[in-house]
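**Student:** Next comes final_38.txt, compact mmCIF, C-alpha atoms:
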```
# COMPACT_ATOMS: atom_id res chain seq x y z
CA MET A 102 54.98 102.90 108.82
CA ASP A 103 52.61 104.33 111.39
CA ASN A 104 49.48 102.51 112.49
CA ALA A 105 48.00 101.29 115.76
CA LEU A 106 49.84 97.98 115.57
CA CYS A 107 53.22 99.61 115.06
CA ARG A 108 52.60 102.01 117.94
CA MET A 109 51.56 99.17 120.26
CA THR A 110 54.59 96.99 119.55
CA GLY A 111 57.32 99.38 118.44
CA ALA A 112 57.56 97.66 115.05
CA GLU A 113 59.13 99.76 112.32
CA PHE A 114 57.52 97.73 109.53
CA PRO A 115 54.59 95.46 110.59
CA LEU A 116 56.07 92.22 109.29
CA PHE A 117 55.87 89.78 112.22
CA ALA A 118 58.19 86.78 111.96
CA PHE A 119 57.17 83.73 113.96
CA SER A 120 60.11 81.37 114.45
CA HIS A 121 61.37 78.70 116.82
CA CYS A 122 64.90 79.97 116.13
CA ARG A 123 66.42 82.81 118.13
CA ASP A 124 68.71 83.76 115.23
CA VAL A 125 65.72 84.44 113.00
CA VAL A 126 64.02 86.55 115.68
CA VAL A 127 67.11 88.72 116.15
CA ALA A 128 67.86 89.04 112.43
CA VAL A 129 64.31 90.07 111.52
CA SER A 130 63.95 92.64 114.32
CA LYS A 131 67.33 94.16 113.50
CA ALA A 132 66.28 94.38 109.83
CA GLY A 133 63.18 96.43 110.72
CA GLY A 134 60.59 93.68 111.13
CA PHE A 135 59.35 92.17 114.39
CA GLY A 136 60.63 88.76 115.52
CA VAL A 137 58.34 86.50 117.55
CA PHE A 138 60.03 83.60 119.33
CA GLY A 139 58.03 80.36 119.53
CA ALA A 140 58.41 78.72 122.94
CA ALA A 141 56.60 75.40 122.50
CA ALA A 142 59.71 73.25 121.99
CA TYR A 143 61.50 74.41 125.14
CA THR A 144 61.51 73.74 128.85
CA PRO A 145 61.27 76.86 131.06
CA GLU A 146 65.00 76.61 131.78
CA GLN A 147 65.88 76.41 128.09
CA PHE A 148 63.44 79.21 127.28
CA GLU A 149 65.11 81.43 129.86
CA GLN A 150 68.49 80.83 128.22
CA GLU A 151 67.15 81.54 124.74
CA LEU A 152 65.49 84.80 125.76
CA ALA A 153 68.62 85.93 127.60
CA TRP A 154 70.58 85.34 124.39
CA ILE A 155 68.04 87.34 122.38
CA ASP A 156 68.19 90.21 124.89
CA ALA A 157 71.98 90.29 124.56
CA HIS A 158 72.03 90.30 120.75
CA ILE A 159 68.96 92.20 119.54
CA ASP A 160 70.40 95.68 120.18
CA GLY A 161 67.27 96.94 121.91
CA LYS A 162 65.01 96.23 118.95
CA PRO A 163 61.47 95.06 119.79
CA TYR A 164 60.53 91.39 119.81
CA GLY A 165 57.81 89.15 121.16
CA VAL A 166 57.13 85.57 122.20
CA ASP A 167 54.51 82.98 121.32
CA VAL A 168 53.49 80.36 123.85
CA LEU A 169 50.95 77.56 123.57
CA VAL A 170 48.54 77.31 126.49
CA PRO A 171 45.82 74.94 125.22
CA GLU A 172 42.34 75.99 126.25
CA THR A 173 41.01 72.44 126.04
CA VAL A 174 42.73 69.16 126.83
CA ASP A 175 41.72 65.81 125.37
CA PRO A 176 39.94 63.82 128.11
CA ARG A 177 42.18 60.86 127.34
CA VAL A 178 45.17 62.66 128.85
CA THR A 179 43.72 64.82 131.61
CA GLN A 180 44.68 62.34 134.33
CA PHE A 181 48.41 62.54 133.58
CA THR A 182 50.58 64.96 135.54
CA SER A 183 54.04 64.12 134.22
CA ASN A 184 55.67 63.20 130.93
CA ALA A 185 56.73 59.88 132.43
CA GLN A 186 53.06 59.02 132.95
CA ARG A 187 52.21 60.17 129.45
CA ALA A 188 54.99 58.06 127.92
CA ALA A 189 53.79 55.01 129.84
CA ALA A 190 50.31 55.49 128.34
CA ILE A 191 51.53 55.12 124.76
CA SER A 192 50.56 51.64 123.60
CA ASP A 193 52.93 48.98 122.29
CA GLU A 194 50.88 49.03 119.08
CA HIS A 195 51.75 52.69 118.49
CA LYS A 196 55.40 52.07 119.32
CA SER A 197 55.61 49.11 116.94
CA PHE A 198 53.83 51.00 114.17
CA THR A 199 56.36 53.83 114.50
CA ALA A 200 59.37 51.50 114.55
CA ASP A 201 58.11 49.56 111.51
CA LEU A 202 57.45 52.73 109.53
CA LEU A 203 60.90 54.16 110.27
CA GLY A 204 62.53 50.82 109.61
CA ARG A 205 61.23 50.78 106.05
CA TYR A 206 63.45 53.81 105.45
CA GLY A 207 66.47 52.52 107.34
CA VAL A 208 65.89 54.66 110.44
CA SER A 209 66.18 53.15 113.90
CA ILE A 210 65.82 54.70 117.36
CA PRO A 211 67.34 53.25 120.54
CA ASP A 212 64.68 52.30 123.08
CA SER A 213 66.12 54.83 125.52
CA GLU A 214 65.38 57.63 123.02
CA ALA A 215 62.12 56.36 121.54
CA LEU A 216 59.85 58.73 123.46
CA ARG A 217 60.49 62.34 124.37
CA ILE A 218 59.98 62.30 128.15
CA ARG A 219 61.95 65.38 129.23
CA GLU A 220 59.93 66.94 132.04
CA GLY A 221 58.83 70.50 131.48
CA ALA A 222 58.60 70.09 127.70
CA GLY A 223 55.56 69.44 125.54
CA ILE A 224 52.35 71.29 124.77
CA THR A 225 50.36 71.18 127.99
CA PRO A 226 48.56 73.94 129.94
CA GLU A 227 51.01 73.70 132.84
CA ASN A 228 54.06 73.93 130.60
CA GLY A 229 52.53 76.87 128.75
CA GLN A 230 51.89 78.69 132.01
CA ALA A 231 55.50 78.14 133.12
CA LEU A 232 56.82 79.48 129.81
CA MET A 233 54.54 82.50 130.11
CA GLU A 234 56.04 83.34 133.52
CA VAL A 235 59.53 83.20 132.02
CA ALA A 236 58.53 85.46 129.14
CA PHE A 237 57.25 88.23 131.39
CA ARG A 238 60.67 88.45 133.06
CA HIS A 239 62.14 89.77 129.79
CA PRO A 240 61.70 93.06 127.86
CA ILE A 241 59.22 91.63 125.36
CA ARG A 242 56.91 93.94 123.40
CA LEU A 243 54.25 91.30 122.64
CA ILE A 244 53.08 87.93 123.92
CA ALA A 245 50.89 85.67 121.80
CA ASN A 246 48.88 82.55 122.53
CA ALA A 247 47.42 79.93 120.23
CA LEU A 248 45.17 76.88 120.70
CA GLY A 249 42.31 78.70 122.34
CA ILE A 250 41.43 81.71 124.45
CA ALA A 251 44.43 83.46 125.96
CA PRO A 252 44.49 82.55 129.67
CA PRO A 253 43.26 85.24 132.11
CA GLU A 254 46.69 85.31 133.77
CA MET A 255 48.34 86.26 130.49
CA ILE A 256 45.85 89.03 129.77
CA ALA A 257 46.04 90.44 133.30
CA GLU A 258 49.84 90.39 133.40
CA GLY A 259 50.05 91.92 129.94
CA LYS A 260 47.83 94.84 130.93
CA LYS A 261 49.76 95.28 134.17
CA ARG A 262 53.08 95.51 132.30
CA GLY A 263 51.82 97.33 129.21
CA ILE A 264 52.60 94.36 126.96
CA PRO A 265 50.05 93.70 124.19
CA VAL A 266 48.53 90.21 124.19
CA ALA A 267 47.87 88.64 120.79
CA ALA A 268 45.78 85.58 120.03
CA LEU A 269 45.69 83.39 116.93
CA VAL A 270 42.26 82.55 115.54
CA GLY A 271 40.94 80.56 112.60
CA ALA A 272 37.31 81.73 112.57
CA LYS A 273 35.44 84.98 113.20
CA GLU A 274 33.61 83.56 116.22
CA HIS A 275 36.97 82.75 117.78
CA ALA A 276 38.07 86.34 117.21
CA LEU A 277 34.97 87.66 118.96
CA ARG A 278 35.59 85.36 121.94
CA GLN A 279 39.19 86.54 122.17
CA ALA A 280 38.09 90.18 121.98
CA ALA A 281 35.57 89.62 124.77
CA ALA A 282 38.32 88.05 126.88
CA GLY A 283 40.40 91.22 126.56
CA VAL A 284 43.19 90.48 124.06
CA ASP A 285 44.84 93.44 122.33
CA ILE A 286 45.68 92.00 118.90
CA ILE A 287 44.00 89.35 116.76
CA VAL A 288 46.10 87.19 114.43
CA ALA A 289 43.66 85.90 111.82
CA GLN A 290 45.38 82.77 110.51
CA GLY A 291 43.99 81.04 107.45
CA GLY A 292 44.10 77.36 106.64
CA GLU A 293 47.03 77.86 104.25
CA ALA A 294 49.30 78.43 107.26
CA GLY A 295 51.92 76.03 108.52
CA GLY A 296 51.50 74.50 111.95
CA HIS A 297 48.18 74.47 113.80
CA CYS A 298 45.50 76.04 111.65
CA GLY A 299 41.81 75.99 110.84
CA GLU A 300 40.05 75.44 107.52
CA VAL A 301 39.00 78.93 106.37
CA SER A 302 41.31 80.55 103.80
CA THR A 303 43.21 83.72 104.66
CA LEU A 304 41.54 85.69 101.85
CA VAL A 305 38.13 85.01 103.40
CA LEU A 306 39.08 85.00 107.08
CA VAL A 307 40.85 88.35 107.35
CA PRO A 308 38.02 90.61 106.07
CA GLU A 309 35.49 88.44 107.91
CA VAL A 310 37.31 88.98 111.21
CA VAL A 311 37.85 92.69 110.56
CA ARG A 312 34.14 93.18 109.82
CA ALA A 313 33.01 91.13 112.81
CA LEU A 314 35.21 93.07 115.24
CA LYS A 315 34.06 96.40 113.83
CA ALA A 316 30.39 95.37 114.05
CA ALA A 317 30.96 94.36 117.67
CA GLY A 318 32.48 97.75 118.47
CA LYS A 319 35.92 96.25 119.12
CA ASP A 320 38.76 98.51 118.02
CA ILE A 321 41.37 95.74 117.88
CA PRO A 322 44.10 95.60 115.20
CA VAL A 323 44.25 92.47 113.09
CA LEU A 324 47.34 90.73 111.76
CA ALA A 325 46.88 88.58 108.66
CA ALA A 326 48.50 85.14 108.65
CA GLY A 327 48.51 82.08 106.43
CA GLY A 328 50.25 81.68 103.09
CA ILE A 329 51.77 85.18 103.08
CA MET A 330 55.19 84.95 101.45
CA THR A 331 55.53 88.27 99.61
CA GLY A 332 55.13 91.98 100.22
CA GLY A 333 52.40 92.08 97.58
CA GLN A 334 50.32 89.59 99.54
CA MET A 335 50.95 91.63 102.69
CA ALA A 336 49.67 94.77 100.92
CA ALA A 337 46.59 92.88 99.75
CA MET A 338 45.73 91.78 103.27
CA MET A 339 46.23 95.30 104.60
CA ALA A 340 43.91 96.57 101.86
CA ALA A 341 41.39 94.07 103.27
CA GLY A 342 41.66 95.65 106.72
CA ALA A 343 44.66 94.03 108.41
CA GLN A 344 47.37 96.22 109.93
CA GLY A 345 50.28 93.89 109.19
CA ALA A 346 51.32 90.35 108.40
CA TRP A 347 52.29 87.42 110.62
CA CYS A 348 54.52 85.00 108.70
CA GLY A 349 56.18 81.72 109.64
CA SER A 350 56.94 79.53 106.63
CA VAL A 351 58.92 82.14 104.69
CA TRP A 352 61.65 82.16 107.37
CA LEU A 353 62.13 78.37 107.28
CA SER A 354 64.10 78.59 104.04
CA THR A 355 66.62 81.08 105.47
CA PRO A 356 70.11 79.96 106.54
CA GLU A 357 69.42 81.38 110.01
CA ALA A 358 66.48 79.00 110.58
CA GLU A 359 66.49 75.84 112.69
CA THR A 360 65.64 73.76 109.62
CA SER A 361 68.14 71.34 108.09
CA PRO A 362 69.71 71.78 104.63
CA ALA A 363 67.71 68.73 103.52
CA PHE A 364 64.40 70.32 104.49
CA ARG A 365 65.33 73.71 103.02
CA GLN A 366 66.04 72.01 99.69
CA LYS A 367 62.70 70.20 99.89
CA MET A 368 61.03 73.59 100.41
CA VAL A 369 62.63 74.98 97.27
CA ASP A 370 61.52 71.90 95.31
CA ALA A 371 58.00 71.72 96.76
CA ARG A 372 54.71 72.82 95.24
CA SER A 373 51.85 74.37 97.19
CA ARG A 374 50.01 71.02 96.93
CA ASP A 375 52.81 69.17 98.74
CA THR A 376 51.57 70.06 102.22
CA VAL A 377 48.97 68.29 104.32
CA ARG A 378 46.82 69.24 107.29
CA SER A 379 47.29 66.30 109.64
CA LYS A 380 47.25 65.26 113.31
CA ALA A 381 50.23 62.97 112.71
CA ARG A 382 52.81 65.23 114.34
CA THR A 383 51.21 66.95 117.35
CA GLY A 384 47.82 65.29 117.80
CA LYS A 385 45.95 68.40 116.57
CA PRO A 386 45.45 69.44 112.93
CA ALA A 387 48.67 71.08 111.74
CA ARG A 388 49.87 71.79 108.21
CA GLN A 389 53.27 70.33 107.28
CA LEU A 390 55.23 69.00 104.33
CA LYS A 391 53.58 65.73 103.31
CA THR A 392 55.64 62.53 103.43
CA ALA A 393 55.10 58.80 103.87
CA TRP A 394 54.92 59.47 107.63
CA HIS A 395 51.61 61.27 107.19
CA GLU A 396 50.25 58.83 104.63
CA ALA A 397 50.93 55.97 107.04
CA TRP A 398 49.50 57.57 110.18
CA ASP A 399 46.44 58.86 108.35
CA GLY A 400 45.99 55.60 106.41
CA PRO A 401 43.74 52.57 107.03
CA ALA A 402 46.51 50.46 108.65
CA SER A 403 47.27 53.10 111.29
CA PRO A 404 46.42 52.49 114.96
CA GLY A 405 45.19 56.10 114.92
CA THR A 406 46.96 59.29 115.88
CA LEU A 407 47.38 60.00 119.56
CA PRO A 408 46.03 63.06 121.38
CA MET A 409 48.25 66.03 122.20
CA PRO A 410 50.85 65.85 123.76
CA LEU A 411 51.31 62.07 123.33
CA MET A 412 51.60 62.28 119.54
CA GLY A 413 54.46 64.73 119.84
CA MET A 414 56.27 62.36 122.18
CA VAL A 415 56.21 59.79 119.38
CA SER A 416 56.87 62.06 116.41
CA GLU A 417 59.55 64.47 117.61
CA PRO A 418 62.20 61.82 118.43
CA SER A 419 61.31 60.14 115.14
CA PHE A 420 61.89 63.25 113.06
CA ALA A 421 65.09 64.03 114.94
CA HIS A 422 66.47 60.59 114.03
CA ILE A 423 65.26 60.95 110.44
CA GLU A 424 67.33 64.14 110.16
CA LYS A 425 70.29 62.42 111.79
CA ALA A 426 70.04 59.51 109.36
CA VAL A 427 70.14 61.89 106.39
CA VAL A 428 73.24 63.60 107.76
CA ASN A 429 74.85 60.18 108.10
CA GLY A 430 74.23 59.45 104.43
CA ASN A 431 70.90 57.58 104.45
CA GLU A 432 69.25 58.87 101.28
CA GLU A 433 66.11 56.79 101.86
CA ALA A 434 65.44 58.73 105.04
CA ARG A 435 65.38 61.98 103.05
CA ASP A 436 61.90 60.99 101.82
CA LEU A 437 60.61 61.26 105.41
CA VAL A 438 62.14 64.68 106.18
CA SER A 439 59.30 67.03 107.10
CA TYR A 440 58.44 70.09 109.17
CA PHE A 441 55.56 72.47 109.74
CA VAL A 442 55.10 74.58 106.61
CA GLY A 443 52.21 76.26 104.83
CA GLN A 444 50.92 76.17 101.28
CA GLY A 445 53.01 79.23 100.52
CA VAL A 446 55.95 76.86 100.22
CA GLY A 447 55.21 76.85 96.49
CA LEU A 448 56.46 80.45 96.38
CA ILE A 449 59.90 79.55 97.80
CA GLU A 450 62.38 79.65 94.94
CA ALA A 451 65.73 79.85 96.75
CA GLU A 452 67.35 80.33 100.13
CA ARG A 453 67.54 83.97 101.24
CA SER A 454 68.85 85.59 104.41
CA CYS A 455 66.32 86.99 106.90
CA ARG A 456 67.54 90.50 106.13
CA GLN A 457 66.96 89.93 102.43
CA VAL A 458 63.46 88.56 103.05
CA VAL A 459 62.56 91.68 105.05
CA GLN A 460 64.00 93.94 102.36
CA ASP A 461 62.14 92.08 99.62
CA PHE A 462 58.89 92.41 101.58
CA ARG A 463 59.42 96.16 101.95
CA GLU A 464 60.08 96.67 98.25
CA GLU A 465 57.24 94.42 97.09
CA PHE A 466 54.86 96.08 99.54
CA ALA A 467 55.77 99.55 98.31
CA GLU A 468 55.46 98.49 94.68
CA ALA A 469 52.00 97.01 95.28
CA VAL A 470 50.73 100.08 97.15
CA LEU A 471 52.09 102.46 94.52
CA GLY A 472 50.51 100.33 91.79
CA LEU A 473 47.09 100.58 93.43
CA THR A 474 47.52 104.29 94.02
CA SER A 475 48.42 104.91 90.39
CA MET A 476 45.20 103.23 89.28
CA LEU A 477 43.20 105.66 91.41
CA GLU A 478 45.00 108.58 89.83
```
Can you turn what I pasted into structure tokens?

**Tutor:**
Amino acid sequence: MDNALCRMTGAEFPLFAFSHCRDVVVAVSKAGGFGVFGAAAYTPEQFEQELAWIDAHIDGKPYGVDVLVPETVDPRVTQFTSNAQRAAAISDEHKSFTADLLGRYGVSIPDSEALRIREGAGITPENGQALMEVAFRHPIRLIANALGIAPPEMIAEGKKRGIPVAALVGAKEHALRQAAAGVDIIVAQGGEAGGHCGEVSTLVLVPEVVRALKAAGKDIPVLAAGGIMTGGQMAAMMAAGAQGAWCGSVWLSTPEAETSPAFRQKMVDARSRDTVRSKARTGKPARQLKTAWHEAWDGPASPGTLPMPLMGMVSEPSFAHIEKAVVNGNEEARDLVSYFVGQGVGLIEAERSCRQVVQDFREEFAEAVLGLTSMLE
């Protein structure tokens, strides 16, 4: 395929695969798509190791990275400069609530592991900046930012190195702000998406963003994101003005993904209504598979969710121990197994390899385009 987005990034087929797993990134790029490696879970040292592995295994195919440099920080956490300080700020009430909730499902966490306090990890502006510096040391073909305007340093360095900068948006006004800041690609992500998302649906958001950019005289390609699980949906969004698709949830059910067998089975069994947009994992609204964890934290007995990144320091060790409990035979804990996933989970019918997903997208896309063309004839 030949369009502006493909020329900018070197993508053969403009199917962009966001994943926290290096294996998915490599498999998708080698299959003709474009892998985008999510950096948020890593320290700079770990991120360096992961990107070095990708460089060694991707056979020169193009790939990108996604970092999270929050534009705004909750005033409740601005005074903290280390994860040790952040951990100390988490109240005993929140710790007890977490322990009680997990205990009802037979999950326990040693005190030494109760809070994720590894320095250099977590979603903070300083960590995002450090990850960005690591990314630019590698042969990436795209760098993306979410949670606000891409930082000036990212845009300047991208232009200096000829690396397109993408930004995720959930509203047309956000897209216009990103365009004014100088980003090269807009990822219009609807509320159906997994992870951090807004409230406007993809079907409405994509043409709204395309129109707004055109009216503002901004010739910026748009990627459609949110709920896209098939090549037919990708074709529909490109008919609405997008130049490709940015997908995350569809890769979570592949054997290459970082997800556990328990979660992949829950994806196959889930309906589109089994997700929830909640602050109960990161501290900001993020769509994920709904479990008793979310019902408890969002319920009337909750002490209230914590701001980012404190909520992640509570939730991530908890979910790691939930997964461990399931592996050790605790079937009760299976009810709590969750991960970021969008409403498109209802379209997951079985596990497929990344290569097969890319191939299915290609075939479905071609079939949809040919179907529309035949109607014109």

**Student:** May I ask which of the residues A:Val305, A:Met409, A:Ala118, A:Ala105 is the closest one to Pro226 in chain A, counting only C-alpha atoms?

**Tutor:**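 Closest candidate: A:Met409.
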
**Student:** Identify which of the residues A:Leu437, A:Leu169, A:Ala280, A:Ala469 lies closest to Ala340 in chain A, counting only C-alpha atoms when measuring atom-to-atom distances.

**Tutor:** A:Ala469

**Student:** Quick one: which range 169-275 of chain A residues come within 9 Å of range 309-322 of chain A, and what is the nearest atom pair for each with the distance in Å to one decimal, counting all atoms listed in the file, rows ordered by chain and ascending number, as JSON lines?

**Tutor:**
```
{"residue": "A:Ala272", "atom": "CA", "partner": "A:Val310", "partner_atom": "CA", "distance": 7.4}
{"residue": "A:Lys273", "atom": "CA", "partner": "A:Val310", "partner_atom": "CA", "distance": 4.8}
{"residue": "A:Glu274", "atom": "CA", "partner": "A:Val310", "partner_atom": "CA", "distance": 8.3}
```

**Student:** Of the candidates A:Leu232, A:Ile449, A:Met109, A:Cys348, which shows the shortest atom-to-atom distance to Pro265 in chain A, using only C-alpha atoms?

**Tutor:** A:Met109

**Student:** In Å, with one decimal, what is the gap from CA of Arg205 in chain A to CA of Ala142 in chain A?

**Tutor:**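 These atoms are spaced 27.6 Å apart.
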
**Student:** Neighbouring residues of Gly328 in chain A were defined as those with any atom within 7 Å, considering all atoms listed in the file; residues of the same chain fewer than 3 positions away were excluded. Please report them as a list of chain:residue names.

**Tutor:**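 So, after excluding close chain neighbours, the residues are A:Glu293, A:Ala294, A:Gly443, A:Gln444, A:Gly445.
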
**Student:** Find the spatial neighbours of Pro252 in chain A, counting all atoms listed in the file, within a cut-off of 9 Å - ignore same-chain residues fewer than 2 positions away - and output them as a list in words.

**Tutor:**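 So, after excluding close chain neighbours, the residues are Val170, Pro171, Glu172, Gln230, Asn246, Gly249, Ile250, Glu254, Met255, Ile256, Ala257 and Ala282 of chain A.
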
**Student:** Just want the 12 Å neighbourhood of Leu473 in chain A, counted on only C-alpha atoms, with same-chain residues fewer than 3 positions away dropped. Output as a list of chain:residue names.

**Tutor:**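 So, after excluding close chain neighbours, the residues are A:Gly333, A:Ala336, A:Ala337, A:Ala340, A:Phe466, A:Ala467, A:Glu468, A:Ala469, A:Val470, A:Met476, A:Leu477, A:Glu478.
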
**Student:** Nearest to Gln290 in chain A: which of A:Arg262, A:Lys196, A:Lys162, A:His275 is it, counting all atoms listed in the file?

**Tutor:** A:His275

**Student:** My list of candidates is A:Thr179, A:Val208, A:Gly413, A:Pro386. Which is closest to Asp399 in chain A when distances are computed with all atoms listed in the file?

**Tutor:**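 Checking each of A:Thr179, A:Val208, A:Gly413, A:Pro386 against Asp399 in chain A, counting all atoms listed in the file, the winner is A:Pro386.
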
**Student:** Please measure the separation of CA of Arg378 in chain A and CA of Ala397 in chain A, giving the value in Å to one decimal.

**Tutor:**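 Those two atoms sit 13.9 Å apart.
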
**Student:** With 9 Å as the threshold, what does the neighbourhood of (61.9, 83.3, 111.0) contain in terms of residues, counting all atoms listed in the file? Coordinates are those of the file; answer as a PyMOL selection string.

**Tutor:** chain A and resi 117-126+128-129+136-138+348-355+357-359+455

**Student:** Leaving out Tyr143 in chain A and any residue of its chain fewer than 6 positions from it, which residues lie within 10 Å of it when counting only C-alpha atoms, given as a list in words?

**Tutor:** His121, Glu149, Gln150, Glu151, Arg219, Gly221, Ala222, Gly223, Ile224, Asn228, Gly229 and Leu232 of chain A

**Student:** May I have the residues within 12 Å of Gly327 in chain A as an MDAnalysis selection string, using all atoms listed in the file and disregarding those fewer than 2 positions away in the same chain?

**Tutor:** chainID A and resid 119 269:271 288:307 324:325 329:331 334:335 338 346:351 388 442:446
